[in-house]
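Here's the structure, in structure tokens; my notes come after.
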Amino acid sequence: MADMTDPMAKNGVGDHLPSRNNVVGEGPMTMANGSPVVDNQDTATAGVRGPVVLQDAWNIEKQAHFNREVIPERRMHAKGWGAFGDFTVTQDITDVSHAKIFSEVGKKCEIFMRFSTVAGERGAADAERDIRGFAARFYTEDGNWDVVGNNTPVFFFRDPKKFIDLNHAVKRDPRTNLRSPNTNFDFWTSLPESLLQTTIIMSDRGIPSSFRFMHGFSSHAYSMVNAAGVRTWVKFHFRSQQGIQNLTDQEAATVVGQDRESNGRDLYEAIEKGQFPQWKLYIQTMTVEQADAMETNPFDLTKMWPKKDFPLREVGILELNRNAENYFADVEQAAFTPQNIVPGIGYSPDRMLQTRLFAYGDAARYRTGINHHQIPVNQPKGVGCPHSFHRDGQMRVDGNRGSELHYEPNSYGNWADSPQLAEPTQAGGDIAMYDYRADDHDYYTQPGMLWRAMTPEQQLVTCENTARAMGDATLQVKHRYIYNCFHADPAYGEGVAKALGIDISTVDLTGTPANSRAEWLARNAVGKELDQPTKPTEPATAADLPPAGRDTNAADPKSLSSWEDDPYLL
Ligand code: HEM
């Protein structure tokens, strides 16, 4: 039985490791030019009590370097932790992909993974209600393959232009610099397609007790191509072999009060103690013909591919078994990008993914510089002899490919491309800014399915977490959320209304899902007269619920490792 004074005890890592670090280097301290530092205690002054002189070069160098120690933090997913390990193929999937990484059962490849929260800054507490980033890099012999996913199978919306608004909405208010529940929920509730994602975040799964106890998802569809040149659409799933464990709002408050680094400490200590976390990698596959026949858009990031139609297929197992020797070098400087794929794996037309292909490299060039590929964690370690064309740029420190000629075409056969690896063609269409609502306005079916898959206890907790998270949001915003939940399932709307202390008969529940931009704007304008802050509610009936029926404190967390009966996988 876990020690209930420390909610993190249920993760089973045991006593914390000593905070002592007694690793020492060799020889006396030197300056950057290698010359010994004569005095690291007293700065040179003109006379015993006189002013400092510029010629104490060590003082100047030390101050100047310190001022530049911090690099820009990731704009989102700033707070994160990572580790190294390996991936082993356990099942043959060569019928769908010719990627060399999958060429034989038993084949191994080095990996690096980084987990993160999204909204908080680099110093934020880990135990926050938020999605978790789940980024995995495979150092394959054909180059780095990154799956930059989350711990949820869907996202808030399906158009990349909204990503910037999301981050503005969940981060800080321009005036107060505080996070604002109203801003947050004003944005989410105004996008009905976000309901599946917000339902997951507000549920028991919204605060994983440890990165080790959560699943990971590519969320997007990608593609795979086999040796015969046949394309298959795929989604990647990482199933935690530790199972699922979460913190309640009440437990998270205790944890944050005791330890802001709860998830990082847990990951680090588990690995140091030899409790290596593992995830099984699965793929869901969809043929091109199946995708063409889908009524809903298979590349819509707000929806799951139903598991009964698209069952998961095991691929291999990931294990993390080595902590970084230096956090900044490997974890802070890691630059993941969904652009990193290898032959046999490809993109999909998902609008969001397509934009991410640009965004990450761009962010990395800003955050770590144009030559960030030279930083060891970002190097294509699996490739025997990488032959990158790029030259010059700030901080080029690898010899810059010496005297090798630097243009193509040339008369010497250098810089050959690999046309044999070209993907099969893909059909295009007329260019326009298509209103996705006209194509698909089914915002509520899957949130309703998830609601009905939850136990009564999980439903109650989801409603109460929602009510707490909505804080003082305006009555208009609260009504809008009740409307969305109600259309997913009447009992969901009623549950959220009750937790918010709102009589549902006062909420305008009329209307059908908006199938155009105009209808959507009209729906969001409903209740303008209710645009007044409310008093936060503190529903507490679920606080003392016993573990039975909950996702949290499961007696056997591993029971949620399998995908077949996981209620959160529709
Ligand atoms: C159009 C939508 C999106 C855009 C433009 C975007 C952009 C970004 C950018 C610029 C970063 C910071 C990268 C860096 O500084 O190294 C980032 C981090 C991240 N994003 Fe996204 N993102 C989007 C959607 C998503 C989605 C849908 C997922 C998951 C399925 C996701 C998962 C992550 C993760 C895990 C990280 C942290 C990577 C790490 O650990 O270094 N993002 N995103």
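Lettering and numbering for the structure tokens are positional, with chains as A, B, ... in the shown order, residues counted from 1 in each chain, and ligands counted from 1 in the shown order.
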Problem set entry | Contacts of ligand 1, 7 Å or closer, only C-alpha atoms and all ligand atoms, given as a VMD selection string | chain A and resid 73 to 77 80 114 to 116 133 to 135 148 to 150 155 159 to 161 163 217 to 220 334 to 336 352 to 353 355 to 356 359 to 360 363 to 364 367
Point to revise | Test item, strand (DSSP E or B) assignment across region 15-90 of chain A, answer as a VMD selection string | key: chain A and resid 30 36 45 52 80 to 89
Write the residues of the selection above to a file with N, CA and C atoms, as a short mmCIF file (atom, residue, chain, number, x, y, z; two decimals), in the first residue's frame.
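Contents of again.cif, as written:
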data_model
loop_
_atom_site.label_atom_id
_atom_site.label_comp_id
_atom_site.auth_asym_id
_atom_site.auth_seq_id
_atom_site.Cartn_x
_atom_site.Cartn_y
_atom_site.Cartn_z
N THR A 30 40.85 26.02 -15.24
CA THR A 30 41.48 26.90 -16.23
C THR A 30 40.45 27.86 -16.81
N PRO A 36 45.68 28.51 -16.30
CA PRO A 36 45.14 28.30 -14.95
C PRO A 36 44.52 29.57 -14.38
N THR A 45 41.30 44.48 -6.99
CA THR A 45 40.80 45.83 -6.73
C THR A 45 41.99 46.79 -6.61
N VAL A 52 36.95 47.69 -8.42
CA VAL A 52 37.41 46.53 -9.20
C VAL A 52 38.11 47.00 -10.47
N GLY A 80 10.87 19.93 -19.39
CA GLY A 80 10.92 18.54 -19.80
C GLY A 80 12.11 17.78 -19.25
N TRP A 81 12.05 16.48 -19.43
CA TRP A 81 13.06 15.56 -18.91
C TRP A 81 13.28 14.47 -19.95
N GLY A 82 14.50 13.95 -20.02
CA GLY A 82 14.74 12.94 -21.05
C GLY A 82 15.73 11.88 -20.62
N ALA A 83 15.87 10.85 -21.44
CA ALA A 83 16.82 9.76 -21.17
C ALA A 83 17.05 8.97 -22.45
N PHE A 84 18.11 8.18 -22.43
CA PHE A 84 18.48 7.34 -23.57
C PHE A 84 18.05 5.89 -23.32
N GLY A 85 18.04 5.10 -24.38
CA GLY A 85 17.70 3.69 -24.24
C GLY A 85 17.78 2.99 -25.57
N ASP A 86 17.00 1.92 -25.71
CA ASP A 86 17.00 1.26 -27.01
C ASP A 86 15.64 0.74 -27.41
N PHE A 87 15.53 0.51 -28.71
CA PHE A 87 14.30 -0.01 -29.31
C PHE A 87 14.64 -1.36 -29.93
N THR A 88 13.79 -2.33 -29.69
CA THR A 88 14.00 -3.67 -30.27
C THR A 88 12.75 -4.06 -31.06
N VAL A 89 12.96 -4.52 -32.27
CA VAL A 89 11.83 -4.97 -33.09
C VAL A 89 11.36 -6.33 -32.55
#
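Restricting the calculation to only C-alpha atoms, the smallest distance between Asn144 (chain A) and any of A:Gly413, A:Pro386, A:Gly448, A:Gly34 is found for A:Pro386.
The environment of Tyr443 (chain A) within 10 Å, counting only C-alpha atoms and disregarding residues fewer than 3 places along the same chain, consists of Leu191, Pro192, Glu193, Ser194, Leu195, Leu196, Thr302, Lys303, Arg437, Asp440, Gln446, Pro447, Gly448, Asn484, His487, Ala488, Pro513 and Ala514 of chain A.
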Store the residues of this selection in a file with C-alpha atoms, as a tab-separated table (two decimals), in the first residue's frame.
chain	number	residue	atom	x	y	z
A	191	LEU	CA	-13.71	25.36	-30.82
A	192	PRO	CA	-16.20	22.51	-30.37
A	193	GLU	CA	-13.74	20.10	-31.99
A	194	SER	CA	-11.50	20.50	-28.91
A	195	LEU	CA	-13.96	18.65	-26.65
A	196	LEU	CA	-12.35	15.22	-26.93
A	302	THR	CA	-9.25	15.82	-33.36
A	303	LYS	CA	-10.44	12.27	-33.97
A	437	ARG	CA	-16.54	22.65	-40.96
A	440	ASP	CA	-16.83	17.51	-41.36
A	446	GLN	CA	-16.15	10.68	-30.05
A	447	PRO	CA	-16.32	12.81	-26.86
A	448	GLY	CA	-19.70	11.16	-26.21
A	484	ASN	CA	-20.69	21.29	-25.98
A	487	HIS	CA	-24.28	17.62	-27.27
A	488	ALA	CA	-21.68	14.91	-26.68
A	513	PRO	CA	-23.16	21.32	-34.98
A	514	ALA	CA	-21.95	24.27	-37.05
Min atom-atom distance to Glu314 (chain A) from the set A:Tyr407, A:Phe156, A:Phe187, A:Trp563, counting only C-alpha atoms, belongs to A:Trp563
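For the residues A:Leu320, A:Cys385, A:Leu267, A:Ala99, ranking by smallest atom-to-atom distance to His16 (chain A) using only C-alpha atoms places A:Leu267 first.
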For Ser180 (chain A), the closest of A:Val461, A:Leu312, A:Ala469, A:Ile271 counting only C-alpha atoms is A:Ala469
List every residue of region 93-192 of chain A that DSSP, applied to the backbone of this structure, assigns to helix (DSSP H, G or I), and report them as a PDB file with N, CA and C atoms, in the first residue's frame.
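What landed in part32.pdb:
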ATOM      1  N   LYS A 100      14.682   0.454 -42.749  1.00  0.00           N
ATOM      2  CA  LYS A 100      15.682  -0.533 -42.311  1.00  0.00           C
ATOM      3  C   LYS A 100      15.538  -0.845 -40.820  1.00  0.00           C
ATOM      4  N   ILE A 101      15.069   0.127 -40.056  1.00  0.00           N
ATOM      5  CA  ILE A 101      14.927  -0.085 -38.614  1.00  0.00           C
ATOM      6  C   ILE A 101      14.038  -1.295 -38.316  1.00  0.00           C
ATOM      7  N   PHE A 102      13.089  -1.614 -39.226  1.00  0.00           N
ATOM      8  CA  PHE A 102      12.147  -2.722 -38.983  1.00  0.00           C
ATOM      9  C   PHE A 102      12.525  -3.983 -39.760  1.00  0.00           C
ATOM     10  N   LYS A 162      -4.404  27.836 -35.678  1.00  0.00           N
ATOM     11  CA  LYS A 162      -4.922  27.999 -34.317  1.00  0.00           C
ATOM     12  C   LYS A 162      -3.880  27.663 -33.254  1.00  0.00           C
ATOM     13  N   PHE A 163      -2.751  27.080 -33.672  1.00  0.00           N
ATOM     14  CA  PHE A 163      -1.758  26.654 -32.685  1.00  0.00           C
ATOM     15  C   PHE A 163      -1.202  27.842 -31.893  1.00  0.00           C
ATOM     16  N   ILE A 164      -1.017  28.942 -32.572  1.00  0.00           N
ATOM     17  CA  ILE A 164      -0.451  30.113 -31.908  1.00  0.00           C
ATOM     18  C   ILE A 164      -1.475  30.649 -30.894  1.00  0.00           C
ATOM     19  N   ASP A 165      -2.752  30.658 -31.307  1.00  0.00           N
ATOM     20  CA  ASP A 165      -3.802  31.131 -30.402  1.00  0.00           C
ATOM     21  C   ASP A 165      -3.901  30.238 -29.164  1.00  0.00           C
ATOM     22  N   LEU A 166      -3.751  28.926 -29.390  1.00  0.00           N
ATOM     23  CA  LEU A 166      -3.799  27.994 -28.256  1.00  0.00           C
ATOM     24  C   LEU A 166      -2.737  28.373 -27.233  1.00  0.00           C
ATOM     25  N   ASN A 167      -1.534  28.607 -27.727  1.00  0.00           N
ATOM     26  CA  ASN A 167      -0.448  28.893 -26.798  1.00  0.00           C
ATOM     27  C   ASN A 167      -0.633  30.236 -26.113  1.00  0.00           C
ATOM     28  N   HIS A 168      -1.174  31.199 -26.832  1.00  0.00           N
ATOM     29  CA  HIS A 168      -1.488  32.469 -26.169  1.00  0.00           C
ATOM     30  C   HIS A 168      -2.563  32.250 -25.098  1.00  0.00           C
ATOM     31  N   ALA A 169      -3.520  31.367 -25.416  1.00  0.00           N
ATOM     32  CA  ALA A 169      -4.650  31.186 -24.495  1.00  0.00           C
ATOM     33  C   ALA A 169      -4.262  30.413 -23.234  1.00  0.00           C
ATOM     34  N   VAL A 170      -3.354  29.449 -23.371  1.00  0.00           N
ATOM     35  CA  VAL A 170      -3.029  28.646 -22.181  1.00  0.00           C
ATOM     36  C   VAL A 170      -1.861  29.236 -21.398  1.00  0.00           C
ATOM     37  N   PRO A 181      -8.077  31.300 -16.388  1.00  0.00           N
ATOM     38  CA  PRO A 181      -9.043  30.248 -16.738  1.00  0.00           C
ATOM     39  C   PRO A 181     -10.037  30.729 -17.777  1.00  0.00           C
ATOM     40  N   ASN A 182     -10.418  31.996 -17.726  1.00  0.00           N
ATOM     41  CA  ASN A 182     -11.401  32.481 -18.688  1.00  0.00           C
ATOM     42  C   ASN A 182     -10.828  32.461 -20.109  1.00  0.00           C
ATOM     43  N   THR A 183      -9.608  32.982 -20.251  1.00  0.00           N
ATOM     44  CA  THR A 183      -8.976  32.981 -21.573  1.00  0.00           C
ATOM     45  C   THR A 183      -8.869  31.555 -22.097  1.00  0.00           C
ATOM     46  N   ASN A 184      -8.382  30.691 -21.209  1.00  0.00           N
ATOM     47  CA  ASN A 184      -8.181  29.295 -21.558  1.00  0.00           C
ATOM     48  C   ASN A 184      -9.484  28.651 -22.065  1.00  0.00           C
ATOM     49  N   PHE A 185     -10.530  28.769 -21.271  1.00  0.00           N
ATOM     50  CA  PHE A 185     -11.788  28.105 -21.647  1.00  0.00           C
ATOM     51  C   PHE A 185     -12.568  28.889 -22.689  1.00  0.00           C
ATOM     52  N   ASP A 186     -12.371  30.188 -22.778  1.00  0.00           N
ATOM     53  CA  ASP A 186     -13.021  30.945 -23.847  1.00  0.00           C
ATOM     54  C   ASP A 186     -12.556  30.364 -25.183  1.00  0.00           C
ATOM     55  N   PHE A 187     -11.242  30.138 -25.273  1.00  0.00           N
ATOM     56  CA  PHE A 187     -10.667  29.592 -26.511  1.00  0.00           C
ATOM     57  C   PHE A 187     -11.146  28.157 -26.757  1.00  0.00           C
ATOM     58  N   TRP A 188     -10.963  27.304 -25.752  1.00  0.00           N
ATOM     59  CA  TRP A 188     -11.330  25.892 -25.954  1.00  0.00           C
ATOM     60  C   TRP A 188     -12.808  25.738 -26.298  1.00  0.00           C
ATOM     61  N   THR A 189     -13.675  26.403 -25.517  1.00  0.00           N
ATOM     62  CA  THR A 189     -15.113  26.194 -25.748  1.00  0.00           C
ATOM     63  C   THR A 189     -15.549  26.758 -27.094  1.00  0.00           C
ATOM     64  N   SER A 190     -14.793  27.734 -27.612  1.00  0.00           N
ATOM     65  CA  SER A 190     -15.149  28.321 -28.910  1.00  0.00           C
ATOM     66  C   SER A 190     -14.793  27.400 -30.065  1.00  0.00           C
ATOM     67  N   PRO A 192     -15.540  23.727 -30.866  1.00  0.00           N
ATOM     68  CA  PRO A 192     -16.198  22.511 -30.371  1.00  0.00           C
ATOM     69  C   PRO A 192     -15.392  21.246 -30.641  1.00  0.00           C
TER      70      PRO A 192
END
* To do: Just the residues within 9 Å of Thr199 (chain A), please, counting only C-alpha atoms, with nothing from its chain fewer than 6 positions along; format it as a ChimeraX atom specification.
  => /A:206,447,450-451,462-463,466,485
Those residues you just picked out, can you put them in a file as a compact mmCIF listing (two decimals), in the first residue's frame with C-alpha atoms?
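Dumped everything to out.txt:
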# COMPACT_ATOMS: atom_id res chain seq x y z
CA GLY A 206 -5.00 14.75 -16.93
CA PRO A 447 -16.32 12.81 -26.86
CA LEU A 450 -15.37 8.48 -24.30
CA TRP A 451 -17.83 9.81 -21.72
CA THR A 462 -14.06 14.64 -14.94
CA CYS A 463 -16.95 17.02 -14.21
CA THR A 466 -13.55 20.70 -15.17
CA CYS A 485 -20.69 18.57 -23.32
Between A:Asp56, A:Asp350, A:Arg401, A:Pro306, smallest distance to Thr445 (chain A) by only C-alpha atoms belongs to A:Pro306
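Interatomic distance, CA of Ser35 (chain A) against CA of Pro51 (chain A): 25.2 Å.
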For this session: For Ile345 (chain A), please output as number ranges by chain all residues within 10 Å (counting only C-alpha atoms; exclusion window: fewer than 4 positions along the same chain).
Result: A: 96-99, 145, 222-226, 231-234, 340-341, 423
Residues of the last selection are to be written out with N, CA and C atoms, as a short mmCIF file (atom, residue, chain, number, x, y, z; two decimals), in the first residue's frame.
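Output below, filename out.cif:
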data_model
loop_
_atom_site.label_atom_id
_atom_site.label_comp_id
_atom_site.auth_asym_id
_atom_site.auth_seq_id
_atom_site.Cartn_x
_atom_site.Cartn_y
_atom_site.Cartn_z
N VAL A 96 4.40 -3.60 -44.50
CA VAL A 96 3.96 -2.20 -44.64
C VAL A 96 5.11 -1.20 -44.77
N SER A 97 6.29 -1.53 -44.27
CA SER A 97 7.38 -0.54 -44.36
C SER A 97 8.71 -1.20 -44.70
N HIS A 98 9.44 -0.55 -45.60
CA HIS A 98 10.77 -1.06 -45.93
C HIS A 98 11.85 -0.33 -45.11
N ALA A 99 11.43 0.46 -44.09
CA ALA A 99 12.43 1.17 -43.28
C ALA A 99 13.39 0.15 -42.67
N TRP A 145 14.89 9.27 -36.83
CA TRP A 145 13.43 9.27 -37.02
C TRP A 145 12.82 9.76 -35.70
N TYR A 222 0.65 9.20 -40.08
CA TYR A 222 1.84 9.29 -40.95
C TYR A 222 1.61 8.27 -42.06
N SER A 223 2.65 7.97 -42.81
CA SER A 223 2.49 6.91 -43.79
C SER A 223 3.68 5.98 -43.73
N MET A 224 3.47 4.80 -44.29
CA MET A 224 4.58 3.86 -44.47
C MET A 224 4.52 3.38 -45.90
N VAL A 225 5.68 3.05 -46.43
CA VAL A 225 5.74 2.55 -47.80
C VAL A 225 6.55 1.25 -47.76
N ASN A 226 6.04 0.20 -48.42
CA ASN A 226 6.76 -1.08 -48.39
C ASN A 226 7.68 -1.22 -49.61
N ARG A 231 1.71 2.39 -50.38
CA ARG A 231 1.59 3.29 -49.22
C ARG A 231 0.46 2.81 -48.30
N THR A 232 0.72 2.92 -46.98
CA THR A 232 -0.31 2.65 -45.97
C THR A 232 -0.29 3.83 -45.00
N TRP A 233 -1.46 4.30 -44.57
CA TRP A 233 -1.49 5.35 -43.55
C TRP A 233 -1.34 4.67 -42.19
N VAL A 234 -0.58 5.29 -41.28
CA VAL A 234 -0.36 4.68 -39.97
C VAL A 234 -0.46 5.71 -38.86
N ASN A 340 11.84 14.84 -39.24
CA ASN A 340 12.83 13.76 -39.25
C ASN A 340 12.16 12.42 -39.47
N ILE A 341 12.16 11.97 -40.71
CA ILE A 341 11.69 10.63 -41.02
C ILE A 341 12.78 9.93 -41.81
N GLU A 423 8.80 8.30 -52.92
CA GLU A 423 7.52 7.74 -52.48
C GLU A 423 6.56 7.66 -53.64
#
Please provide the set of residues having any atom within 12 Å of His406 (chain A), restricted to only C-alpha atoms, with same-chain residues fewer than 5 positions apart removed, written as a PyMOL selection string. chain A and resi 387-392+400-401+412-415
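The gap separating CA of Gly123 (chain A) from CA of Gln242 (chain A) is 27.1 Å, in Å to one decimal.
Near Ser559 (chain A), within 12 Å and counting only C-alpha atoms, sit Phe213, Arg239, Ser240, Gln241, Gln242, Gly243, Ile244, Gln245, Asp551, Asn553, Ala554, Ala555, Asp556, Pro557, Ser561, Ser562, Trp563, Glu564, Asp565, Asp566 and Pro567 of chain A, not including residues fewer than 2 positions from it in the same chain.
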Would you mind exporting N, CA and C atoms of the selected residues as a PDB file, in the first residue's frame?
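Contents of again05.pdb, as written:
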ATOM      1  N   PHE A 213       4.195   6.171 -16.311  1.00  0.00           N
ATOM      2  CA  PHE A 213       2.853   5.588 -16.235  1.00  0.00           C
ATOM      3  C   PHE A 213       1.881   6.291 -17.176  1.00  0.00           C
ATOM      4  N   ARG A 239       2.554   2.010 -25.800  1.00  0.00           N
ATOM      5  CA  ARG A 239       1.772   1.571 -24.639  1.00  0.00           C
ATOM      6  C   ARG A 239       2.704   1.344 -23.455  1.00  0.00           C
ATOM      7  N   SER A 240       2.467   2.084 -22.380  1.00  0.00           N
ATOM      8  CA  SER A 240       3.310   1.969 -21.190  1.00  0.00           C
ATOM      9  C   SER A 240       3.198   0.567 -20.613  1.00  0.00           C
ATOM     10  N   GLN A 241       4.330  -0.083 -20.394  1.00  0.00           N
ATOM     11  CA  GLN A 241       4.313  -1.413 -19.791  1.00  0.00           C
ATOM     12  C   GLN A 241       4.249  -1.316 -18.273  1.00  0.00           C
ATOM     13  N   GLN A 242       4.381  -0.088 -17.750  1.00  0.00           N
ATOM     14  CA  GLN A 242       4.175   0.118 -16.316  1.00  0.00           C
ATOM     15  C   GLN A 242       2.685   0.243 -16.023  1.00  0.00           C
ATOM     16  N   GLY A 243       1.899   0.558 -17.067  1.00  0.00           N
ATOM     17  CA  GLY A 243       0.468   0.791 -16.900  1.00  0.00           C
ATOM     18  C   GLY A 243       0.167   2.270 -16.750  1.00  0.00           C
ATOM     19  N   ILE A 244      -0.984   2.545 -16.192  1.00  0.00           N
ATOM     20  CA  ILE A 244      -1.452   3.926 -16.069  1.00  0.00           C
ATOM     21  C   ILE A 244      -1.601   4.275 -14.595  1.00  0.00           C
ATOM     22  N   GLN A 245      -1.081   5.408 -14.212  1.00  0.00           N
ATOM     23  CA  GLN A 245      -1.294   5.917 -12.856  1.00  0.00           C
ATOM     24  C   GLN A 245      -1.361   7.435 -12.920  1.00  0.00           C
ATOM     25  N   ASP A 551      -9.231   5.758 -12.545  1.00  0.00           N
ATOM     26  CA  ASP A 551      -8.033   5.494 -13.319  1.00  0.00           C
ATOM     27  C   ASP A 551      -6.817   5.663 -12.419  1.00  0.00           C
ATOM     28  N   ASN A 553      -4.780   5.454  -8.763  1.00  0.00           N
ATOM     29  CA  ASN A 553      -4.640   4.507  -7.652  1.00  0.00           C
ATOM     30  C   ASN A 553      -5.113   3.114  -8.027  1.00  0.00           C
ATOM     31  N   ALA A 554      -5.085   2.783  -9.307  1.00  0.00           N
ATOM     32  CA  ALA A 554      -5.527   1.440  -9.709  1.00  0.00           C
ATOM     33  C   ALA A 554      -4.696   0.411  -8.945  1.00  0.00           C
ATOM     34  N   ALA A 555      -5.365  -0.604  -8.437  1.00  0.00           N
ATOM     35  CA  ALA A 555      -4.634  -1.616  -7.671  1.00  0.00           C
ATOM     36  C   ALA A 555      -3.585  -2.263  -8.566  1.00  0.00           C
ATOM     37  N   ASP A 556      -3.910  -2.435  -9.822  1.00  0.00           N
ATOM     38  CA  ASP A 556      -2.946  -3.019 -10.753  1.00  0.00           C
ATOM     39  C   ASP A 556      -2.854  -2.125 -11.987  1.00  0.00           C
ATOM     40  N   PRO A 557      -1.962  -1.133 -11.945  1.00  0.00           N
ATOM     41  CA  PRO A 557      -1.899  -0.189 -13.060  1.00  0.00           C
ATOM     42  C   PRO A 557      -1.633  -0.855 -14.398  1.00  0.00           C
ATOM     43  N   SER A 561      -2.297  -1.459 -19.529  1.00  0.00           N
ATOM     44  CA  SER A 561      -1.274  -1.477 -20.584  1.00  0.00           C
ATOM     45  C   SER A 561      -1.852  -1.951 -21.904  1.00  0.00           C
ATOM     46  N   SER A 562      -2.796  -2.888 -21.832  1.00  0.00           N
ATOM     47  CA  SER A 562      -3.315  -3.450 -23.083  1.00  0.00           C
ATOM     48  C   SER A 562      -4.234  -2.447 -23.752  1.00  0.00           C
ATOM     49  N   TRP A 563      -4.294  -2.503 -25.074  1.00  0.00           N
ATOM     50  CA  TRP A 563      -5.108  -1.523 -25.772  1.00  0.00           C
ATOM     51  C   TRP A 563      -6.534  -1.988 -25.964  1.00  0.00           C
ATOM     52  N   GLU A 564      -6.720  -3.314 -25.980  1.00  0.00           N
ATOM     53  CA  GLU A 564      -8.039  -3.833 -26.348  1.00  0.00           C
ATOM     54  C   GLU A 564      -9.139  -3.302 -25.442  1.00  0.00           C
ATOM     55  N   ASP A 565      -8.855  -3.304 -24.118  1.00  0.00           N
ATOM     56  CA  ASP A 565      -9.925  -2.917 -23.200  1.00  0.00           C
ATOM     57  C   ASP A 565      -9.641  -1.573 -22.517  1.00  0.00           C
ATOM     58  N   ASP A 566      -8.818  -0.744 -23.139  1.00  0.00           N
ATOM     59  CA  ASP A 566      -8.554   0.578 -22.561  1.00  0.00           C
ATOM     60  C   ASP A 566      -9.702   1.518 -22.962  1.00  0.00           C
ATOM     61  N   PRO A 567     -10.484   1.982 -21.978  1.00  0.00           N
ATOM     62  CA  PRO A 567     -11.651   2.810 -22.337  1.00  0.00           C
ATOM     63  C   PRO A 567     -11.262   4.126 -23.004  1.00  0.00           C
TER      64      PRO A 567
END
What separates CA of Asn321 (chain A) and CA of Ala9 (chain A) is a distance of 21.1 Å
